[in-house]
file upload_3.csv (CSV, C-alpha atoms)
chain,number,residue,atom,x,y,z
A,1,MET,CA,-73.2,67.9,-36.7
A,2,ILE,CA,-73.2,71.0,-34.6
A,3,PRO,CA,-74.4,69.4,-31.3
A,4,SER,CA,-77.8,70.7,-29.9
A,5,ASP,CA,-75.8,71.8,-26.9
A,6,HIS,CA,-73.9,74.2,-29.1
A,7,PHE,CA,-76.7,75.4,-31.3
A,8,VAL,CA,-77.0,78.7,-29.4
A,9,ARG,CA,-73.3,79.4,-30.0
A,10,TYR,CA,-73.9,78.8,-33.7
A,11,TYR,CA,-77.1,81.0,-33.5
A,12,ASN,CA,-75.0,83.8,-32.0
A,13,GLU,CA,-72.7,83.6,-35.0
A,14,VAL,CA,-75.7,83.9,-37.3
A,15,PHE,CA,-76.9,87.0,-35.4
A,16,LYS,CA,-73.5,88.7,-35.8
A,17,ALA,CA,-73.2,87.8,-39.5
A,18,LEU,CA,-76.7,89.3,-40.1
A,19,GLU,CA,-76.0,92.3,-37.9
A,20,GLN,CA,-73.0,93.1,-40.2
A,21,ARG,CA,-75.6,93.5,-43.0
A,22,GLY,CA,-77.8,95.8,-41.0
A,23,ILE,CA,-80.0,95.4,-38.0
A,24,GLU,CA,-83.1,95.0,-40.2
A,25,HIS,CA,-81.7,91.7,-41.4
A,26,LEU,CA,-81.5,90.5,-37.8
A,27,LYS,CA,-85.0,91.6,-37.1
A,28,ARG,CA,-86.3,89.8,-40.2
A,29,TYR,CA,-84.6,86.6,-39.0
A,30,PHE,CA,-86.2,86.9,-35.6
A,31,ASP,CA,-89.6,87.3,-37.4
A,32,TYR,CA,-88.7,84.1,-39.3
A,33,LEU,CA,-88.0,82.3,-36.0
A,34,GLY,CA,-91.4,83.5,-34.8
A,35,GLU,CA,-93.0,81.9,-37.9
A,36,LEU,CA,-91.1,78.7,-37.3
A,37,GLN,CA,-92.2,78.6,-33.6
A,38,LYS,CA,-95.8,79.5,-34.5
A,39,LEU,CA,-96.1,76.2,-36.4
A,40,GLU,CA,-95.2,74.3,-33.2
A,41,LEU,CA,-96.8,76.4,-30.5
A,42,ALA,CA,-99.5,78.9,-31.6
A,43,GLU,CA,-102.4,76.5,-31.7
A,44,ARG,CA,-101.3,74.8,-28.5
A,45,PHE,CA,-101.2,78.1,-26.7
A,46,ARG,CA,-104.4,79.4,-28.2
A,47,ALA,CA,-106.2,76.2,-27.2
A,48,GLY,CA,-104.6,75.8,-23.7
A,49,GLY,CA,-104.0,79.4,-22.7
A,50,LEU,CA,-101.7,80.2,-19.8
A,51,ARG,CA,-101.8,76.6,-18.6
A,52,ALA,CA,-100.3,75.5,-22.0
A,53,CYS,CA,-97.6,78.1,-21.7
A,54,HIS,CA,-96.7,76.8,-18.2
A,55,ASP,CA,-96.6,73.2,-19.5
A,56,TYR,CA,-94.4,74.1,-22.4
A,57,TRP,CA,-91.9,76.1,-20.3
A,58,SER,CA,-91.9,73.4,-17.6
A,59,ARG,CA,-90.4,71.1,-20.2
A,60,ILE,CA,-88.0,73.8,-21.5
A,61,LEU,CA,-86.9,74.5,-17.9
A,62,LYS,CA,-85.7,70.9,-17.6
A,63,GLU,CA,-84.5,70.2,-21.1
A,64,GLU,CA,-82.4,73.3,-21.5
A,65,ASN,CA,-81.1,73.1,-17.9
A,66,CYS,CA,-82.5,76.5,-16.9
A,67,VAL,CA,-82.3,77.8,-13.3
A,68,GLY,CA,-85.6,79.5,-12.8
A,69,ARG,CA,-89.1,79.5,-11.4
A,70,LEU,CA,-92.4,79.2,-13.1
A,71,THR,CA,-95.6,80.7,-11.7
A,72,LEU,CA,-99.1,80.3,-12.9
A,73,THR,CA,-101.8,82.6,-11.6
A,74,GLU,CA,-105.3,83.4,-12.7
A,75,TYR,CA,-104.0,86.3,-14.7
A,76,TYR,CA,-100.6,85.5,-15.9
A,77,PHE,CA,-97.9,82.9,-16.4
A,78,GLU,CA,-94.4,84.0,-15.3
A,79,PHE,CA,-91.0,82.6,-16.1
A,80,ARG,CA,-88.5,84.1,-13.7
A,81,MET,CA,-85.1,83.1,-15.2
A,82,ASP,CA,-82.3,83.1,-12.6
A,83,ARG,CA,-79.7,81.6,-15.0
A,84,CYS,CA,-80.5,81.5,-18.6
A,85,PRO,CA,-78.6,78.6,-20.2
A,86,SER,CA,-78.7,80.2,-23.6
A,87,LEU,CA,-77.0,83.5,-22.7
A,88,SER,CA,-74.7,81.7,-20.2
A,89,LYS,CA,-73.3,79.5,-23.1
A,90,VAL,CA,-72.9,82.5,-25.4
A,91,LEU,CA,-71.0,84.3,-22.6
A,92,ASP,CA,-68.9,81.1,-21.9
A,93,ASN,CA,-67.6,81.1,-25.4
A,94,ASP,CA,-64.4,81.7,-27.3
A,95,ALA,CA,-66.4,83.9,-29.7
A,96,SER,CA,-67.8,87.2,-28.8
A,97,ALA,CA,-71.5,87.7,-27.9
A,98,SER,CA,-73.9,89.5,-30.2
A,99,ALA,CA,-75.0,92.8,-28.6
A,100,PHE,CA,-78.6,91.8,-29.5
A,101,TYR,CA,-78.4,88.3,-28.4
A,102,CYS,CA,-81.3,88.5,-25.9
A,103,ASP,CA,-83.6,90.1,-28.4
A,104,HIS,CA,-84.1,86.8,-30.1
A,105,CYS,CA,-86.2,85.5,-27.2
A,106,ILE,CA,-89.0,88.1,-27.2
A,107,GLY,CA,-88.4,88.2,-31.0
A,108,TRP,CA,-89.9,84.7,-31.4
A,109,VAL,CA,-92.2,84.7,-28.3
A,110,ARG,CA,-94.2,87.8,-29.3
A,111,PRO,CA,-95.4,86.6,-32.7
A,112,VAL,CA,-96.3,83.2,-31.2
A,113,MET,CA,-98.3,84.9,-28.4
A,114,ASP,CA,-99.9,87.4,-30.9
A,115,ALA,CA,-101.1,84.4,-33.0
A,116,ALA,CA,-102.3,82.7,-29.8
A,117,GLY,CA,-104.2,85.8,-28.6
A,118,LEU,CA,-102.0,86.2,-25.6
A,119,TYR,CA,-99.7,89.0,-24.5
A,120,ALA,CA,-96.0,88.6,-23.6
A,121,VAL,CA,-93.9,91.2,-21.7
A,122,LEU,CA,-90.2,90.7,-21.0
A,123,CYS,CA,-88.2,92.4,-18.3
A,124,LYS,CA,-84.4,92.3,-18.7
A,125,ASP,CA,-81.8,94.3,-16.8
A,126,SER,CA,-78.7,93.8,-18.8
A,127,PRO,CA,-77.5,91.9,-21.9
A,128,ASP,CA,-74.5,90.6,-19.8
A,129,GLU,CA,-76.6,89.1,-17.1
A,130,PRO,CA,-78.3,85.8,-17.8
A,131,ARG,CA,-81.5,86.8,-15.9
A,132,CYS,CA,-84.9,88.0,-17.0
A,133,VAL,CA,-88.6,87.8,-16.2
A,134,MET,CA,-91.2,87.0,-18.8
A,135,ARG,CA,-94.9,87.2,-18.2
A,136,VAL,CA,-97.7,86.2,-20.4
A,137,TYR,CA,-101.2,87.6,-19.9
A,138,ALA,CA,-104.5,86.7,-21.3
A,139,ASP,CA,-105.8,90.2,-20.7
A,140,PRO,CA,-104.0,93.0,-22.7
A,141,GLU,CA,-104.8,95.6,-20.1
A,142,LYS,CA,-103.1,93.7,-17.4
A,143,ALA,CA,-100.1,93.1,-19.6
A,144,ARG,CA,-99.9,96.9,-20.2
A,145,GLU,CA,-100.2,97.5,-16.5
A,146,PHE,CA,-97.3,95.2,-15.8
A,147,GLU,CA,-95.3,96.8,-18.6
A,148,ARG,CA,-95.8,100.3,-17.1
A,149,GLN,CA,-94.2,99.2,-13.9
A,150,PRO,CA,-90.6,100.5,-13.4
A,151,ARG,CA,-87.9,98.5,-15.2
A,152,ALA,CA,-90.3,96.8,-17.5
A,153,PRO,CA,-89.3,97.4,-21.2
A,154,LYS,CA,-91.7,98.4,-23.9
A,155,ARG,CA,-93.6,95.5,-25.4
B,1,MET,CA,-62.3,69.7,-23.9
B,2,ARG,CA,-63.4,73.4,-24.1
B,3,TYR,CA,-67.1,72.8,-23.9
B,4,ARG,CA,-68.6,69.9,-22.0
B,5,GLU,CA,-72.3,70.3,-21.4
B,6,THR,CA,-74.0,68.0,-19.0
B,7,GLY,CA,-77.7,67.5,-17.9
B,8,ASP,CA,-80.6,67.2,-20.2
B,9,VAL,CA,-80.4,67.7,-24.0
B,10,HIS,CA,-82.8,69.9,-26.0
B,11,LEU,CA,-82.8,68.0,-29.3
B,12,ASP,CA,-85.4,70.4,-30.8
B,13,PHE,CA,-82.6,72.8,-31.6
B,14,HIS,CA,-81.9,70.6,-34.6
B,15,ARG,CA,-85.3,71.7,-35.9
B,16,THR,CA,-84.3,75.4,-35.5
B,17,ALA,CA,-81.0,74.7,-37.2
B,18,ASN,CA,-82.8,73.0,-40.1
B,19,GLY,CA,-85.1,76.0,-40.5
B,20,THR,CA,-82.2,78.5,-40.1
B,21,ILE,CA,-80.2,76.7,-42.9
B,22,SER,CA,-83.2,77.0,-45.2
B,23,TYR,CA,-83.8,80.6,-44.4
B,24,LEU,CA,-80.2,81.7,-44.8
B,25,ARG,CA,-79.7,79.9,-48.1
B,26,ALA,CA,-83.0,81.2,-49.5
B,27,ASN,CA,-82.4,84.8,-48.5
B,28,TYR,CA,-78.6,85.2,-48.6
B,29,GLY,CA,-77.2,82.3,-50.6
B,30,ARG,CA,-75.1,79.3,-49.9
B,31,ASP,CA,-71.8,81.3,-49.5
B,32,PHE,CA,-73.4,83.3,-46.6
B,33,LEU,CA,-74.7,80.1,-45.0
B,34,ASP,CA,-71.2,78.6,-45.2
B,35,GLU,CA,-69.7,81.7,-43.7
B,36,THR,CA,-71.8,81.2,-40.6
B,37,PHE,CA,-70.4,77.7,-40.2
B,38,ARG,CA,-66.9,78.9,-40.9
B,39,ARG,CA,-67.3,81.6,-38.2
B,40,THR,CA,-68.4,78.8,-35.8
B,41,ALA,CA,-65.4,76.6,-36.6
B,42,ARG,CA,-62.9,79.5,-36.4
B,43,ASP,CA,-64.2,81.3,-33.3
B,44,VAL,CA,-66.5,79.1,-31.2
B,45,TYR,CA,-64.2,76.1,-31.8
B,46,ALA,CA,-61.0,78.0,-31.6
B,47,ALA,CA,-59.6,75.6,-28.9
B,48,ILE,CA,-60.1,72.6,-31.2
B,49,ARG,CA,-58.3,74.4,-34.1
B,50,GLU,CA,-55.5,75.5,-31.8
B,51,ASP,CA,-55.0,71.9,-30.8
B,52,LEU,CA,-55.1,70.7,-34.4
B,53,LYS,CA,-52.4,73.3,-35.3
B,54,ARG,CA,-50.3,71.8,-32.6
B,55,GLY,CA,-50.7,68.4,-34.1
B,56,ASN,CA,-53.3,67.2,-31.5
B,57,THR,CA,-56.4,65.5,-33.0
B,58,GLU,CA,-57.8,64.2,-29.7
B,59,HIS,CA,-59.7,67.3,-28.8
B,60,LEU,CA,-61.8,67.0,-31.9
B,61,VAL,CA,-62.2,63.2,-31.6
B,62,GLU,CA,-63.4,63.7,-28.0
B,63,HIS,CA,-65.8,66.5,-29.1
B,64,TRP,CA,-67.3,64.2,-31.8
B,65,THR,CA,-67.8,61.2,-29.6
B,66,TYR,CA,-68.9,63.1,-26.4
B,67,PHE,CA,-71.7,64.9,-28.1
B,68,PHE,CA,-72.8,61.9,-30.3
B,69,ASP,CA,-73.0,59.9,-27.1
B,70,ARG,CA,-75.0,62.6,-25.4
B,71,GLU,CA,-77.5,62.6,-28.2
B,72,GLY,CA,-77.7,58.9,-28.7
B,73,GLY,CA,-75.9,58.7,-32.0
B,74,ARG,CA,-74.4,55.5,-33.3
B,75,TYR,CA,-70.9,55.5,-34.8
B,76,ALA,CA,-67.6,53.6,-35.0
B,77,LEU,CA,-64.2,55.2,-34.5
B,78,GLU,CA,-61.5,53.6,-36.6
B,79,ARG,CA,-57.8,54.4,-36.3
B,80,ASN,CA,-55.1,53.5,-38.8
B,81,GLY,CA,-51.8,55.1,-37.8
B,82,GLU,CA,-52.5,58.9,-37.8
B,83,GLU,CA,-55.7,58.5,-39.9
B,84,ILE,CA,-58.9,58.6,-37.8
B,85,ARG,CA,-62.3,57.7,-39.3
B,86,PHE,CA,-65.5,58.7,-37.5
B,87,VAL,CA,-68.0,56.5,-39.2
B,88,VAL,CA,-71.5,57.8,-38.4
B,89,GLU,CA,-74.2,55.1,-38.7
B,90,ARG,CA,-77.0,57.1,-37.1
B,91,CYS,CA,-76.8,60.9,-36.9
B,92,PRO,CA,-78.9,62.1,-34.0
B,93,ALA,CA,-79.7,65.4,-35.7
B,94,VAL,CA,-81.0,63.7,-38.8
B,95,ASP,CA,-82.7,61.0,-36.7
B,96,TYR,CA,-84.5,63.6,-34.7
B,97,LEU,CA,-85.9,65.5,-37.7
B,98,GLN,CA,-87.0,62.2,-39.4
B,99,SER,CA,-88.7,61.1,-36.2
B,100,ARG,CA,-90.7,64.3,-36.2
B,101,GLY,CA,-91.5,64.1,-39.9
B,102,ILE,CA,-89.7,67.3,-40.6
B,103,PRO,CA,-88.3,67.6,-44.2
B,104,ILE,CA,-84.6,67.8,-44.0
B,105,ASP,CA,-83.0,70.7,-45.8
B,106,GLU,CA,-80.8,69.8,-48.7
B,107,ASP,CA,-77.9,71.7,-47.1
B,108,PHE,CA,-78.4,70.3,-43.6
B,109,CYS,CA,-75.2,68.4,-43.6
B,110,ARG,CA,-73.1,71.4,-44.7
B,111,GLN,CA,-72.9,72.2,-41.0
B,112,THR,CA,-70.6,69.1,-40.7
B,113,VAL,CA,-68.8,69.5,-44.1
B,114,VAL,CA,-68.0,73.2,-43.7
B,115,VAL,CA,-67.2,73.1,-40.0
B,116,ASN,CA,-64.7,70.2,-40.6
B,117,ASP,CA,-63.1,72.0,-43.6
B,118,ALA,CA,-62.7,75.2,-41.6
B,119,LEU,CA,-61.4,73.4,-38.5
B,120,ALA,CA,-58.6,72.0,-40.6
B,121,GLU,CA,-57.6,75.3,-42.3
B,122,GLY,CA,-54.1,76.3,-41.4
B,123,THR,CA,-53.4,73.0,-39.5
B,124,PRO,CA,-51.3,70.0,-40.6
B,125,PHE,CA,-54.5,68.0,-41.1
B,126,GLU,CA,-57.3,67.7,-43.6
B,127,ILE,CA,-60.8,66.6,-42.5
B,128,SER,CA,-62.9,65.1,-45.2
B,129,THR,CA,-66.7,64.5,-44.8
B,130,GLU,CA,-68.3,62.0,-47.1
B,131,VAL,CA,-72.1,62.4,-46.7
B,132,LEU,CA,-73.8,59.1,-47.5
B,133,GLY,CA,-77.4,60.1,-46.9
B,134,GLY,CA,-80.0,58.8,-44.4
B,135,GLY,CA,-78.0,60.1,-41.4
B,136,LYS,CA,-74.8,58.3,-42.4
B,137,CYS,CA,-71.4,59.9,-43.1
B,138,VAL,CA,-67.7,59.2,-42.8
B,139,GLN,CA,-65.5,62.0,-41.3
B,140,THR,CA,-61.8,61.4,-41.8
B,141,ILE,CA,-58.9,63.2,-40.2
B,142,ARG,CA,-55.6,62.6,-42.0
B,143,ARG,CA,-52.3,64.5,-42.1
B,144,ARG,CA,-51.8,66.5,-45.2
B,145,ALA,CA,-49.4,65.3,-47.8
B,146,GLU,CA,-46.0,67.1,-47.6
B,147,GLN,CA,-45.8,69.8,-50.3
call {"tool": "encode", "arguments": {"input": "upload_3.csv", "output": "structure tokens"}}
result
Amino acid sequence: MIPSDHFVRYYNEVFKALEQRGIEHLKRYFDYLGELQKLELAERFRAGGLRACHDYWSRILKEENCVGRLTLTEYYFEFRMDRCPSLSKVLDNDASASAFYCDHCIGWVRPVMDAAGLYAVLCKDSPDEPRCVMRVYADPEKAREFERQPRAPKR
Amino acid sequence: MRYRETGDVHLDFHRTANGTISYLRANYGRDFLDETFRRTARDVYAAIREDLKRGNTEHLVEHWTYFFDREGGRYALERNGEEIRFVVERCPAVDYLQSRGIPIDEDFCRQTVVVNDALAEGTPFEISTEVLGGGKCVQTIRRRAEQ
């Protein structure tokens, strides 16, 4: 058994093996992860909106030992990750990190949010720093407005 | 031990592992799937392999028992001279998938079989994995017979 504690290090090896076949293979895998997560989360988020997102990531914050802050407002849910346990493990690793490691996160979140009628934006400074900010909006215009702010990557 | 996670455990990663195994086999074949496990054994678990090369099996034994304990697995550890048998009576990964009603991929246990094989490559040991079904298996470390 690869322990669940080590899954992300295995995942990182999968990313690198797929990258060697071409970046499109990695993108297709991220799409598949989105499909897998849709089964678990899309209906929950569609029915419960931003509150359901907050509830889900509250559990993840604890279970995955994240250091971060969750904020729920009238307009958005924000997950401000100060120490991502996933990237931290991949960096604390005798194997090298995939250059595209962090892409898996928005890679699965976006299809889930699209299916739930919500809009996710991820802000990430560097692939070597386990920090990021994700916001989920119910209103696409407000998501675009946040995305247009300096340092916010394209959705 | 090189990796010693503490705190909560996110068992749902076993669901993603199960889905990933299905996806990789369906789209790239079993050899590619196995290669991802071999990479994990060779590179992620390099410290365990290095210890095995030096004749030290305790790093691997501690790795097995530590993470089975963390995930609530049930097992017995049997020693007979240099032979060590890790007898799994309840695999936490299989147990989690069964508890969620998730169909278990036919190759789910290759993560154990192939990682064990690859860990032993180039070391004085062989590690056999006898998958018995229903979340039970026997993993045995023994010194290779002299050539």
call {"tool": "residues_around", "arguments": {"input": "upload_3.csv", "residues": "Asn116 of chain B", "least_positions_apart": "5", "cutoff": "12 Å", "atoms": "all atoms listed in the file", "output": "PDB file with C-alpha atoms, keeping the file's coordinate frame"}}
result
ATOM      1  CA  MET A   1     -73.200  67.900 -36.700  1.00  0.00           C
ATOM      2  CA  ILE A   2     -73.200  71.000 -34.600  1.00  0.00           C
TER       3      ILE A   2
ATOM      4  CA  ASP B  34     -71.200  78.600 -45.200  1.00  0.00           C
ATOM      5  CA  PHE B  37     -70.400  77.700 -40.200  1.00  0.00           C
ATOM      6  CA  ARG B  38     -66.900  78.900 -40.900  1.00  0.00           C
ATOM      7  CA  ARG B  39     -67.300  81.600 -38.200  1.00  0.00           C
ATOM      8  CA  THR B  40     -68.400  78.800 -35.800  1.00  0.00           C
ATOM      9  CA  ALA B  41     -65.400  76.600 -36.600  1.00  0.00           C
ATOM     10  CA  ARG B  42     -62.900  79.500 -36.400  1.00  0.00           C
ATOM     11  CA  TYR B  45     -64.200  76.100 -31.800  1.00  0.00           C
ATOM     12  CA  ILE B  48     -60.100  72.600 -31.200  1.00  0.00           C
ATOM     13  CA  ARG B  49     -58.300  74.400 -34.100  1.00  0.00           C
ATOM     14  CA  LEU B  52     -55.100  70.700 -34.400  1.00  0.00           C
ATOM     15  CA  LEU B  60     -61.800  67.000 -31.900  1.00  0.00           C
ATOM     16  CA  VAL B  61     -62.200  63.200 -31.600  1.00  0.00           C
ATOM     17  CA  TRP B  64     -67.300  64.200 -31.800  1.00  0.00           C
ATOM     18  CA  PHE B  86     -65.500  58.700 -37.500  1.00  0.00           C
ATOM     19  CA  CYS B 109     -75.200  68.400 -43.600  1.00  0.00           C
ATOM     20  CA  ARG B 110     -73.100  71.400 -44.700  1.00  0.00           C
ATOM     21  CA  GLN B 111     -72.900  72.200 -41.000  1.00  0.00           C
ATOM     22  CA  GLU B 121     -57.600  75.300 -42.300  1.00  0.00           C
ATOM     23  CA  THR B 123     -53.400  73.000 -39.500  1.00  0.00           C
ATOM     24  CA  PHE B 125     -54.500  68.000 -41.100  1.00  0.00           C
ATOM     25  CA  GLU B 126     -57.300  67.700 -43.600  1.00  0.00           C
ATOM     26  CA  ILE B 127     -60.800  66.600 -42.500  1.00  0.00           C
ATOM     27  CA  SER B 128     -62.900  65.100 -45.200  1.00  0.00           C
ATOM     28  CA  THR B 129     -66.700  64.500 -44.800  1.00  0.00           C
ATOM     29  CA  GLU B 130     -68.300  62.000 -47.100  1.00  0.00           C
ATOM     30  CA  VAL B 138     -67.700  59.200 -42.800  1.00  0.00           C
ATOM     31  CA  GLN B 139     -65.500  62.000 -41.300  1.00  0.00           C
ATOM     32  CA  THR B 140     -61.800  61.400 -41.800  1.00  0.00           C
ATOM     33  CA  ILE B 141     -58.900  63.200 -40.200  1.00  0.00           C
ATOM     34  CA  ARG B 142     -55.600  62.600 -42.000  1.00  0.00           C
TER      35      ARG B 142
END
call {"tool": "interface_residues", "arguments": {"input": "upload_3.csv", "of": "chain B", "to": "chain A", "cutoff": "6 Å", "atoms": "all atoms listed in the file", "output": "list in words"}}
result
Asp8, Val9, His10, Leu11, Phe13, Thr36, Thr40, Asp43, Val44 and Thr112 of chain B
call {"tool": "closest_residue", "arguments": {"input": "upload_3.csv", "among": "A:Tyr137, A:Val121, A:Asp55, A:Cys132", "to": "Gln149 of chain A", "atoms": "all atoms listed in the file"}}
result
A:Val121
call {"tool": "atom_distance", "arguments": {"input": "upload_3.csv", "atom1": "atom CA of Phe68 of chain B", "atom2": "atom CA of Arg100 of chain B"}}
result
19.0 Å
call {"tool": "closest_residue", "arguments": {"input": "upload_3.csv", "among": "B:His59, B:Asn27, B:Arg15, B:Ala76", "to": "Tyr3 of chain B", "atoms": "all atoms listed in the file"}}
result
B:His59
call {"tool": "residues_around", "arguments": {"input": "upload_3.csv", "residues": "Tyr66 of chain B", "least_positions_apart": "3", "cutoff": "12 Å", "atoms": "all atoms listed in the file", "output": "compact mmCIF listing (two decimals) with C-alpha atoms, in the frame of the given file"}}
result
# COMPACT_ATOMS: atom_id res chain seq x y z
CA PRO A 3 -74.40 69.40 -31.30
CA ASP A 5 -75.80 71.80 -26.90
CA MET B 1 -62.30 69.70 -23.90
CA ARG B 2 -63.40 73.40 -24.10
CA TYR B 3 -67.10 72.80 -23.90
CA ARG B 4 -68.60 69.90 -22.00
CA GLU B 5 -72.30 70.30 -21.40
CA THR B 6 -74.00 68.00 -19.00
CA GLU B 58 -57.80 64.20 -29.70
CA HIS B 59 -59.70 67.30 -28.80
CA LEU B 60 -61.80 67.00 -31.90
CA VAL B 61 -62.20 63.20 -31.60
CA GLU B 62 -63.40 63.70 -28.00
CA HIS B 63 -65.80 66.50 -29.10
CA ASP B 69 -73.00 59.90 -27.10
CA ARG B 70 -75.00 62.60 -25.40
CA GLU B 71 -77.50 62.60 -28.20
CA GLY B 72 -77.70 58.90 -28.70
CA GLY B 73 -75.90 58.70 -32.00
CA ARG B 74 -74.40 55.50 -33.30
CA TYR B 75 -70.90 55.50 -34.80
call {"tool": "atom_distance", "arguments": {"input": "upload_3.csv", "atom1": "atom CA of Arg25 of chain B", "atom2": "atom CA of Ala42 of chain A"}}
result
25.8 Å
call {"tool": "atom_distance", "arguments": {"input": "upload_3.csv", "atom1": "atom CA of Gly133 of chain B", "atom2": "atom CA of Ile102 of chain B"}}
result
15.6 Å
call {"tool": "residues_around", "arguments": {"input": "upload_3.csv", "residues": "Lys136 of chain B", "least_positions_apart": "5", "cutoff": "8 Å", "atoms": "all atoms listed in the file", "output": "PyMOL selection string"}}
result
chain B and resi 87-91+131
call {"tool": "write_last_selection", "arguments": {"input": "upload_3.csv", "atoms": "C-alpha atoms", "output": "CSV table (one decimal), in the coordinates of the input"}}
result
chain,number,residue,atom,x,y,z
B,87,VAL,CA,-68.0,56.5,-39.2
B,88,VAL,CA,-71.5,57.8,-38.4
B,89,GLU,CA,-74.2,55.1,-38.7
B,90,ARG,CA,-77.0,57.1,-37.1
B,91,CYS,CA,-76.8,60.9,-36.9
B,131,VAL,CA,-72.1,62.4,-46.7
call {"tool": "decode", "arguments": {"input": "upload_3.csv", "residues": "segment 108-120 of chain B", "atoms": "N, CA and C atoms", "output": "mmCIF file, in the first residue's frame"}}
result
data_model
loop_
_atom_site.group_PDB
_atom_site.id
_atom_site.type_symbol
_atom_site.label_atom_id
_atom_site.label_comp_id
_atom_site.auth_asym_id
_atom_site.auth_seq_id
_atom_site.Cartn_x
_atom_site.Cartn_y
_atom_site.Cartn_z
ATOM 1 N N PHE B 108 -5.430 -2.646 -8.293
ATOM 2 C CA PHE B 108 -5.192 -1.783 -7.129
ATOM 3 C C PHE B 108 -3.978 -2.248 -6.318
ATOM 4 N N CYS B 109 -3.847 -3.557 -6.133
ATOM 5 C CA CYS B 109 -2.764 -4.065 -5.275
ATOM 6 C C CYS B 109 -1.408 -4.105 -5.975
ATOM 7 N N ARG B 110 -1.377 -3.736 -7.290
ATOM 8 C CA ARG B 110 -0.066 -3.673 -7.951
ATOM 9 C C ARG B 110 0.807 -2.599 -7.320
ATOM 10 N N GLN B 111 0.185 -1.605 -6.693
ATOM 11 C CA GLN B 111 0.990 -0.577 -6.012
ATOM 12 C C GLN B 111 1.883 -1.240 -4.963
ATOM 13 N N THR B 112 1.381 -2.282 -4.317
ATOM 14 C CA THR B 112 2.173 -2.984 -3.308
ATOM 15 C C THR B 112 3.150 -3.948 -3.963
ATOM 16 N N VAL B 113 2.638 -4.740 -4.917
ATOM 17 C CA VAL B 113 3.467 -5.768 -5.562
ATOM 18 C C VAL B 113 4.659 -5.141 -6.273
ATOM 19 N N VAL B 114 4.398 -4.122 -7.080
ATOM 20 C CA VAL B 114 5.465 -3.550 -7.919
ATOM 21 C C VAL B 114 6.418 -2.703 -7.081
ATOM 22 N N VAL B 115 5.876 -1.955 -6.123
ATOM 23 C CA VAL B 115 6.775 -1.172 -5.255
ATOM 24 C C VAL B 115 7.704 -2.122 -4.501
ATOM 25 N N ASN B 116 7.180 -3.212 -3.970
ATOM 26 C CA ASN B 116 8.044 -4.161 -3.252
ATOM 27 C C ASN B 116 9.113 -4.757 -4.167
ATOM 28 N N ASP B 117 8.692 -5.164 -5.376
ATOM 29 C CA ASP B 117 9.667 -5.717 -6.336
ATOM 30 C C ASP B 117 10.777 -4.712 -6.613
ATOM 31 N N ALA B 118 10.370 -3.480 -6.864
ATOM 32 C CA ALA B 118 11.346 -2.456 -7.256
ATOM 33 C C ALA B 118 12.232 -2.057 -6.081
ATOM 34 N N LEU B 119 11.694 -2.071 -4.879
ATOM 35 C CA LEU B 119 12.528 -1.759 -3.711
ATOM 36 C C LEU B 119 13.662 -2.774 -3.560
ATOM 37 N N ALA B 120 13.354 -4.009 -3.911
ATOM 38 C CA ALA B 120 14.347 -5.075 -3.711
ATOM 39 C C ALA B 120 15.393 -5.138 -4.816
#
